[in-house]
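Trainee: I am sharing final-v2.cif, which consists of mmCIF, N, CA and C atoms:
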data_upload
loop_
_atom_site.label_atom_id
_atom_site.label_comp_id
_atom_site.auth_asym_id
_atom_site.auth_seq_id
_atom_site.Cartn_x
_atom_site.Cartn_y
_atom_site.Cartn_z
N MET A 1 23.30 28.90 17.33
CA MET A 1 22.10 28.18 17.69
C MET A 1 22.00 26.85 16.92
N LEU A 2 22.35 26.90 15.65
CA LEU A 2 22.29 25.68 14.83
C LEU A 2 23.26 24.62 15.34
N VAL A 3 24.39 25.05 15.88
CA VAL A 3 25.38 24.10 16.41
C VAL A 3 24.83 23.38 17.63
N VAL A 4 24.17 24.12 18.52
CA VAL A 4 23.58 23.51 19.71
C VAL A 4 22.51 22.50 19.31
N ILE A 5 21.66 22.88 18.37
CA ILE A 5 20.61 21.98 17.89
C ILE A 5 21.23 20.74 17.25
N ALA A 6 22.28 20.94 16.46
CA ALA A 6 22.94 19.81 15.81
C ALA A 6 23.55 18.85 16.83
N VAL A 7 24.12 19.38 17.89
CA VAL A 7 24.71 18.53 18.92
C VAL A 7 23.63 17.73 19.64
N VAL A 8 22.54 18.38 20.00
CA VAL A 8 21.46 17.69 20.71
C VAL A 8 20.87 16.59 19.83
N PHE A 9 20.57 16.92 18.59
CA PHE A 9 20.01 15.91 17.69
C PHE A 9 21.04 14.84 17.33
N GLY A 10 22.32 15.20 17.29
CA GLY A 10 23.36 14.23 17.02
C GLY A 10 23.46 13.18 18.12
N VAL A 11 23.40 13.64 19.37
CA VAL A 11 23.44 12.71 20.50
C VAL A 11 22.20 11.83 20.48
N ALA A 12 21.04 12.42 20.22
CA ALA A 12 19.81 11.64 20.15
C ALA A 12 19.88 10.62 19.01
N ALA A 13 20.46 11.00 17.89
CA ALA A 13 20.58 10.08 16.77
C ALA A 13 21.52 8.92 17.10
N LEU A 14 22.60 9.20 17.80
CA LEU A 14 23.51 8.12 18.19
C LEU A 14 22.84 7.14 19.14
N LEU A 15 22.08 7.65 20.10
CA LEU A 15 21.34 6.77 21.00
C LEU A 15 20.29 5.95 20.25
N THR A 16 19.66 6.57 19.28
CA THR A 16 18.66 5.85 18.47
C THR A 16 19.33 4.78 17.62
N LEU A 17 20.48 5.10 17.05
CA LEU A 17 21.21 4.08 16.28
C LEU A 17 21.61 2.91 17.16
N TRP A 18 21.96 3.20 18.39
CA TRP A 18 22.29 2.12 19.32
C TRP A 18 21.09 1.21 19.53
N ARG A 19 19.90 1.78 19.67
CA ARG A 19 18.69 0.98 19.84
C ARG A 19 18.40 0.17 18.57
N ILE A 20 18.67 0.73 17.41
CA ILE A 20 18.47 -0.02 16.16
C ILE A 20 19.42 -1.21 16.10
N ILE A 21 20.64 -1.02 16.55
CA ILE A 21 21.65 -2.09 16.47
C ILE A 21 21.37 -3.20 17.47
N ILE A 22 21.08 -2.84 18.73
CA ILE A 22 20.96 -3.89 19.75
C ILE A 22 19.56 -4.47 19.87
N GLY A 23 18.57 -3.83 19.27
CA GLY A 23 17.23 -4.44 19.26
C GLY A 23 16.47 -4.32 20.55
N PRO A 24 16.02 -5.33 21.18
CA PRO A 24 16.15 -6.77 20.97
C PRO A 24 15.13 -7.36 19.99
N SER A 25 14.05 -6.63 19.67
CA SER A 25 13.06 -7.21 18.76
C SER A 25 12.93 -6.33 17.52
N ILE A 26 12.23 -6.87 16.52
CA ILE A 26 12.00 -6.13 15.29
C ILE A 26 11.16 -4.88 15.54
N LEU A 27 10.25 -4.95 16.50
CA LEU A 27 9.42 -3.79 16.80
C LEU A 27 10.23 -2.68 17.47
N ASP A 28 11.19 -3.05 18.32
CA ASP A 28 12.08 -2.04 18.91
C ASP A 28 12.88 -1.34 17.82
N ARG A 29 13.35 -2.11 16.88
CA ARG A 29 14.12 -1.52 15.77
C ARG A 29 13.23 -0.64 14.89
N ALA A 30 11.99 -1.04 14.69
CA ALA A 30 11.06 -0.25 13.87
C ALA A 30 10.76 1.09 14.54
N VAL A 31 10.50 1.06 15.83
CA VAL A 31 10.23 2.31 16.55
C VAL A 31 11.47 3.20 16.53
N ALA A 32 12.63 2.62 16.72
CA ALA A 32 13.86 3.41 16.70
C ALA A 32 14.11 4.02 15.33
N SER A 33 13.80 3.29 14.27
CA SER A 33 13.99 3.87 12.93
C SER A 33 13.01 5.01 12.68
N ASP A 34 11.79 4.90 13.20
CA ASP A 34 10.84 6.01 13.11
C ASP A 34 11.34 7.23 13.89
N VAL A 35 11.90 6.98 15.05
CA VAL A 35 12.45 8.07 15.86
C VAL A 35 13.61 8.73 15.13
N LEU A 36 14.46 7.93 14.48
CA LEU A 36 15.59 8.49 13.74
C LEU A 36 15.11 9.35 12.58
N LEU A 37 14.10 8.88 11.85
CA LEU A 37 13.54 9.69 10.77
C LEU A 37 12.94 10.99 11.31
N THR A 38 12.29 10.91 12.45
CA THR A 38 11.72 12.11 13.05
C THR A 38 12.81 13.09 13.47
N GLU A 39 13.90 12.57 13.99
CA GLU A 39 15.02 13.44 14.37
C GLU A 39 15.61 14.14 13.15
N VAL A 40 15.73 13.42 12.06
CA VAL A 40 16.24 14.04 10.83
C VAL A 40 15.28 15.11 10.35
N MET A 41 13.98 14.83 10.40
CA MET A 41 13.00 15.82 9.99
C MET A 41 13.05 17.06 10.88
N CYS A 42 13.18 16.87 12.18
CA CYS A 42 13.27 18.00 13.10
C CYS A 42 14.52 18.83 12.83
N MET A 43 15.62 18.16 12.55
CA MET A 43 16.87 18.88 12.25
C MET A 43 16.72 19.71 10.98
N LEU A 44 16.13 19.12 9.95
CA LEU A 44 15.91 19.87 8.71
C LEU A 44 14.95 21.03 8.94
N GLY A 45 13.90 20.81 9.72
CA GLY A 45 12.94 21.88 10.01
C GLY A 45 13.58 23.01 10.79
N ALA A 46 14.43 22.66 11.76
CA ALA A 46 15.13 23.70 12.53
C ALA A 46 16.08 24.49 11.64
N GLU A 47 16.76 23.79 10.75
CA GLU A 47 17.67 24.49 9.83
C GLU A 47 16.89 25.42 8.91
N MET A 48 15.73 24.98 8.44
CA MET A 48 14.92 25.85 7.57
C MET A 48 14.43 27.07 8.35
N ALA A 49 13.99 26.87 9.60
CA ALA A 49 13.48 27.98 10.39
C ALA A 49 14.59 28.99 10.72
N ILE A 50 15.76 28.50 11.05
CA ILE A 50 16.86 29.40 11.40
C ILE A 50 17.34 30.18 10.19
N ASN A 51 17.46 29.50 9.04
CA ASN A 51 17.97 30.17 7.84
C ASN A 51 16.88 30.83 7.00
N GLY A 52 15.61 30.63 7.35
CA GLY A 52 14.52 31.33 6.67
C GLY A 52 14.30 30.91 5.23
N HIS A 53 14.31 29.61 4.95
CA HIS A 53 14.03 29.14 3.60
C HIS A 53 13.15 27.90 3.66
N THR A 54 12.65 27.50 2.51
CA THR A 54 11.80 26.29 2.43
C THR A 54 12.32 25.31 1.38
N ARG A 55 13.56 25.41 1.03
CA ARG A 55 14.12 24.54 -0.01
C ARG A 55 14.13 23.06 0.40
N SER A 56 14.18 22.78 1.67
CA SER A 56 14.25 21.39 2.15
C SER A 56 12.87 20.76 2.35
N LEU A 57 11.82 21.48 2.05
CA LEU A 57 10.47 20.96 2.28
C LEU A 57 10.17 19.69 1.48
N PRO A 58 10.57 19.58 0.21
CA PRO A 58 10.34 18.30 -0.49
C PRO A 58 11.06 17.12 0.16
N VAL A 59 12.24 17.37 0.69
CA VAL A 59 12.98 16.32 1.38
C VAL A 59 12.22 15.88 2.63
N LEU A 60 11.67 16.84 3.36
CA LEU A 60 10.87 16.51 4.55
C LEU A 60 9.67 15.65 4.18
N LEU A 61 9.01 15.98 3.10
CA LEU A 61 7.84 15.21 2.67
C LEU A 61 8.22 13.79 2.28
N ILE A 62 9.34 13.64 1.60
CA ILE A 62 9.80 12.30 1.21
C ILE A 62 10.17 11.48 2.43
N ILE A 63 10.86 12.09 3.39
CA ILE A 63 11.24 11.38 4.61
C ILE A 63 10.00 10.95 5.37
N ALA A 64 9.00 11.82 5.44
CA ALA A 64 7.75 11.48 6.13
C ALA A 64 7.05 10.32 5.44
N ALA A 65 7.02 10.33 4.12
CA ALA A 65 6.37 9.24 3.38
C ALA A 65 7.11 7.92 3.58
N VAL A 66 8.43 7.96 3.55
CA VAL A 66 9.22 6.74 3.77
C VAL A 66 8.95 6.20 5.17
N GLY A 67 8.87 7.07 6.16
CA GLY A 67 8.60 6.64 7.52
C GLY A 67 7.25 5.98 7.67
N VAL A 68 6.22 6.57 7.08
CA VAL A 68 4.87 6.01 7.17
C VAL A 68 4.81 4.67 6.45
N PHE A 69 5.30 4.60 5.23
CA PHE A 69 5.24 3.35 4.48
C PHE A 69 6.10 2.26 5.12
N GLY A 70 7.22 2.65 5.68
CA GLY A 70 8.06 1.67 6.39
C GLY A 70 7.37 1.11 7.61
N SER A 71 6.72 1.97 8.37
CA SER A 71 5.99 1.51 9.56
C SER A 71 4.85 0.58 9.19
N ILE A 72 4.13 0.92 8.14
CA ILE A 72 3.03 0.06 7.68
C ILE A 72 3.55 -1.29 7.23
N SER A 73 4.66 -1.29 6.51
CA SER A 73 5.23 -2.55 6.03
C SER A 73 5.67 -3.43 7.18
N ILE A 74 6.32 -2.85 8.16
CA ILE A 74 6.77 -3.63 9.31
C ILE A 74 5.59 -4.16 10.11
N ALA A 75 4.57 -3.34 10.28
CA ALA A 75 3.39 -3.78 11.02
C ALA A 75 2.71 -4.94 10.30
N ARG A 76 2.61 -4.87 8.99
CA ARG A 76 2.01 -5.98 8.23
C ARG A 76 2.87 -7.24 8.32
N PHE A 77 4.18 -7.09 8.27
CA PHE A 77 5.08 -8.23 8.37
C PHE A 77 4.94 -8.91 9.72
N VAL A 78 4.93 -8.12 10.79
CA VAL A 78 4.83 -8.68 12.13
C VAL A 78 3.46 -9.32 12.34
N ALA A 79 2.40 -8.68 11.84
CA ALA A 79 1.06 -9.25 11.98
C ALA A 79 0.95 -10.57 11.22
N ARG A 80 1.51 -10.63 10.04
CA ARG A 80 1.48 -11.86 9.25
C ARG A 80 2.28 -12.96 9.94
N ARG A 81 3.43 -12.60 10.50
CA ARG A 81 4.26 -13.58 11.20
C ARG A 81 3.56 -14.09 12.45
N ASP A 82 2.86 -13.21 13.16
CA ASP A 82 2.12 -13.64 14.36
C ASP A 82 0.97 -14.57 14.01
N ASN A 83 0.32 -14.35 12.88
CA ASN A 83 -0.79 -15.21 12.47
C ASN A 83 -0.33 -16.61 12.09
N THR A 84 0.86 -16.73 11.52
CA THR A 84 1.36 -18.05 11.11
C THR A 84 1.89 -18.84 12.29
N GLN A 85 2.28 -18.18 13.38
CA GLN A 85 2.81 -18.88 14.55
C GLN A 85 1.69 -19.43 15.44
N SER A 86 0.49 -18.90 15.32
CA SER A 86 -0.61 -19.35 16.19
C SER A 86 -1.18 -20.68 15.77
#
As structure tokens, please, write out the structure in this file.
Mentor:
Amino acid sequence: MLVVIAVVFGVAALLTLWRIIIGPSILDRAVASDVLLTEVMCMLGAEMAINGHTRSLPVLLIIAAVGVFGSISIARFVARRDNTQS
């Protein structure tokens, strides 16, 4: 079961990496990076559920915090850039 989940999330991660690489805008890349972090979190959660442990929970919390703070930083950067162009 873990192999099937890993393959599905692996394909999704490759497609997300493609979106991060080709863009076309900073917001597309930001959304794709959030999706990639979510995919990693889902993979870790599935692994914890299948193996019946919670050792990866601190890693999940750190990944979630990085995702939130990264999104806020990008949103502030884009908002500031839009204000200076007007």
Trainee: Which of these residues is nearest to Leu2 (chain A), using all atoms listed in the file: A:Leu27, A:Arg81, A:Ile62, A:Glu47?
Mentor: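 So, comparing all the options, the nearest one is A:Glu47.
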Trainee: Pull out every residue that the PyMOL selection byres (((chain A and resi 15-23 and name CA) around 12) and name CA) matches in the shown coordinates and put them as a PyMOL selection string.
Mentor: chain A and resi 8-14+24-40
Trainee: Rank A:Arg55, A:Val7, A:Ser71, A:Leu60 by their smallest atom-to-atom distance to Cys42 (chain A), using only C-alpha atoms, and report the top residue only.
Mentor: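 Using only C-alpha atoms, Cys42 (chain A) sits closest to A:Leu60.
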Trainee: Separation of atom C of Thr54 (chain A) and atom N of Ile72 (chain A), in Å?
Mentor: 26.6 Å
Trainee: Check the DSSP output for the backbone and give back, as a count of residues only, the residues of region 19-58 of chain A in helix (DSSP H, G or I).
Mentor: 32
Trainee: Rounded to one decimal in Å, what is the spacing between atom N of Leu44 (chain A) and atom C of Val68 (chain A)?
Mentor: 18.7 Å
Trainee: Out of A:Ala79, A:Met41, A:His53, A:Met48, which residue has the shortest atom-to-atom distance to Gly67 (chain A) when counting only C-alpha atoms?
Mentor: A:Met41
Trainee: Can you work out the spacing between atom C of Ala6 (chain A) and CA of Met43 (chain A) in Å, to one decimal?
Mentor: 8.1 Å
Trainee: Kindly add all heavy atoms to the incomplete region 67-78 of chain A and provide the output as a PDB file, in the frame of the given file.
Mentor:
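Saved the output as result.pdb:
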ATOM      1  N   GLY A  67       8.870   7.070   6.160  1.00  0.00           N
ATOM      2  CA  GLY A  67       8.600   6.640   7.520  1.00  0.00           C
ATOM      3  C   GLY A  67       7.250   5.980   7.670  1.00  0.00           C
ATOM      4  O   GLY A  67       7.110   4.928   8.293  1.00  0.00           O
ATOM      5  N   VAL A  68       6.220   6.570   7.080  1.00  0.00           N
ATOM      6  CA  VAL A  68       4.870   6.010   7.170  1.00  0.00           C
ATOM      7  C   VAL A  68       4.810   4.670   6.450  1.00  0.00           C
ATOM      8  O   VAL A  68       4.305   3.677   7.004  1.00  0.00           O
ATOM      9  CB  VAL A  68       3.843   6.994   6.585  1.00  0.00           C
ATOM     10  CG1 VAL A  68       2.495   6.325   6.398  1.00  0.00           C
ATOM     11  CG2 VAL A  68       3.710   8.206   7.480  1.00  0.00           C
ATOM     12  N   PHE A  69       5.300   4.600   5.230  1.00  0.00           N
ATOM     13  CA  PHE A  69       5.240   3.350   4.480  1.00  0.00           C
ATOM     14  C   PHE A  69       6.100   2.260   5.120  1.00  0.00           C
ATOM     15  O   PHE A  69       5.741   1.087   5.109  1.00  0.00           O
ATOM     16  CB  PHE A  69       5.647   3.566   3.019  1.00  0.00           C
ATOM     17  CG  PHE A  69       4.682   4.438   2.267  1.00  0.00           C
ATOM     18  CD1 PHE A  69       5.140   5.435   1.429  1.00  0.00           C
ATOM     19  CD2 PHE A  69       3.318   4.273   2.401  1.00  0.00           C
ATOM     20  CE1 PHE A  69       4.255   6.245   0.735  1.00  0.00           C
ATOM     21  CE2 PHE A  69       2.421   5.086   1.719  1.00  0.00           C
ATOM     22  CZ  PHE A  69       2.902   6.078   0.877  1.00  0.00           C
ATOM     23  N   GLY A  70       7.220   2.650   5.680  1.00  0.00           N
ATOM     24  CA  GLY A  70       8.060   1.670   6.390  1.00  0.00           C
ATOM     25  C   GLY A  70       7.370   1.110   7.610  1.00  0.00           C
ATOM     26  O   GLY A  70       7.407  -0.097   7.864  1.00  0.00           O
ATOM     27  N   SER A  71       6.720   1.970   8.370  1.00  0.00           N
ATOM     28  CA  SER A  71       5.990   1.510   9.560  1.00  0.00           C
ATOM     29  C   SER A  71       4.850   0.580   9.190  1.00  0.00           C
ATOM     30  O   SER A  71       4.618  -0.442   9.854  1.00  0.00           O
ATOM     31  CB  SER A  71       5.445   2.701  10.337  1.00  0.00           C
ATOM     32  OG  SER A  71       6.488   3.480  10.819  1.00  0.00           O
ATOM     33  N   ILE A  72       4.130   0.920   8.140  1.00  0.00           N
ATOM     34  CA  ILE A  72       3.030   0.060   7.680  1.00  0.00           C
ATOM     35  C   ILE A  72       3.550  -1.290   7.230  1.00  0.00           C
ATOM     36  O   ILE A  72       2.979  -2.337   7.558  1.00  0.00           O
ATOM     37  CB  ILE A  72       2.229   0.758   6.558  1.00  0.00           C
ATOM     38  CG1 ILE A  72       1.469   1.959   7.132  1.00  0.00           C
ATOM     39  CG2 ILE A  72       1.269  -0.210   5.879  1.00  0.00           C
ATOM     40  CD1 ILE A  72       0.854   2.844   6.087  1.00  0.00           C
ATOM     41  N   SER A  73       4.660  -1.290   6.510  1.00  0.00           N
ATOM     42  CA  SER A  73       5.230  -2.550   6.030  1.00  0.00           C
ATOM     43  C   SER A  73       5.670  -3.430   7.180  1.00  0.00           C
ATOM     44  O   SER A  73       5.421  -4.640   7.178  1.00  0.00           O
ATOM     45  CB  SER A  73       6.429  -2.271   5.121  1.00  0.00           C
ATOM     46  OG  SER A  73       6.042  -1.525   4.006  1.00  0.00           O
ATOM     47  N   ILE A  74       6.320  -2.850   8.160  1.00  0.00           N
ATOM     48  CA  ILE A  74       6.770  -3.630   9.310  1.00  0.00           C
ATOM     49  C   ILE A  74       5.590  -4.160  10.110  1.00  0.00           C
ATOM     50  O   ILE A  74       5.591  -5.309  10.543  1.00  0.00           O
ATOM     51  CB  ILE A  74       7.722  -2.793  10.183  1.00  0.00           C
ATOM     52  CG1 ILE A  74       9.040  -2.566   9.430  1.00  0.00           C
ATOM     53  CG2 ILE A  74       7.991  -3.464  11.518  1.00  0.00           C
ATOM     54  CD1 ILE A  74       9.957  -1.578  10.082  1.00  0.00           C
ATOM     55  N   ALA A  75       4.570  -3.340  10.280  1.00  0.00           N
ATOM     56  CA  ALA A  75       3.390  -3.780  11.020  1.00  0.00           C
ATOM     57  C   ALA A  75       2.710  -4.940  10.300  1.00  0.00           C
ATOM     58  O   ALA A  75       2.288  -5.928  10.937  1.00  0.00           O
ATOM     59  CB  ALA A  75       2.415  -2.627  11.190  1.00  0.00           C
ATOM     60  N   ARG A  76       2.610  -4.870   8.990  1.00  0.00           N
ATOM     61  CA  ARG A  76       2.010  -5.980   8.230  1.00  0.00           C
ATOM     62  C   ARG A  76       2.870  -7.240   8.320  1.00  0.00           C
ATOM     63  O   ARG A  76       2.342  -8.343   8.458  1.00  0.00           O
ATOM     64  CB  ARG A  76       1.823  -5.594   6.765  1.00  0.00           C
ATOM     65  CG  ARG A  76       0.710  -4.627   6.569  1.00  0.00           C
ATOM     66  CD  ARG A  76       0.575  -4.254   5.107  1.00  0.00           C
ATOM     67  NE  ARG A  76      -0.791  -3.856   4.888  1.00  0.00           N
ATOM     68  CZ  ARG A  76      -1.597  -4.434   4.022  1.00  0.00           C
ATOM     69  NH1 ARG A  76      -1.172  -5.412   3.265  1.00  0.00           N
ATOM     70  NH2 ARG A  76      -2.822  -4.014   3.884  1.00  0.00           N
ATOM     71  N   PHE A  77       4.180  -7.090   8.270  1.00  0.00           N
ATOM     72  CA  PHE A  77       5.080  -8.230   8.370  1.00  0.00           C
ATOM     73  C   PHE A  77       4.940  -8.910   9.720  1.00  0.00           C
ATOM     74  O   PHE A  77       4.824 -10.127   9.812  1.00  0.00           O
ATOM     75  CB  PHE A  77       6.527  -7.778   8.145  1.00  0.00           C
ATOM     76  CG  PHE A  77       7.542  -8.829   8.451  1.00  0.00           C
ATOM     77  CD1 PHE A  77       7.742  -9.894   7.586  1.00  0.00           C
ATOM     78  CD2 PHE A  77       8.305  -8.756   9.609  1.00  0.00           C
ATOM     79  CE1 PHE A  77       8.683 -10.868   7.871  1.00  0.00           C
ATOM     80  CE2 PHE A  77       9.233  -9.721   9.905  1.00  0.00           C
ATOM     81  CZ  PHE A  77       9.426 -10.783   9.033  1.00  0.00           C
ATOM     82  N   VAL A  78       4.930  -8.120  10.790  1.00  0.00           N
ATOM     83  CA  VAL A  78       4.830  -8.680  12.130  1.00  0.00           C
ATOM     84  C   VAL A  78       3.460  -9.320  12.340  1.00  0.00           C
ATOM     85  O   VAL A  78       3.353 -10.401  12.925  1.00  0.00           O
ATOM     86  CB  VAL A  78       5.114  -7.591  13.195  1.00  0.00           C
ATOM     87  CG1 VAL A  78       4.765  -8.070  14.585  1.00  0.00           C
ATOM     88  CG2 VAL A  78       6.574  -7.170  13.128  1.00  0.00           C
TER      89      VAL A  78
END
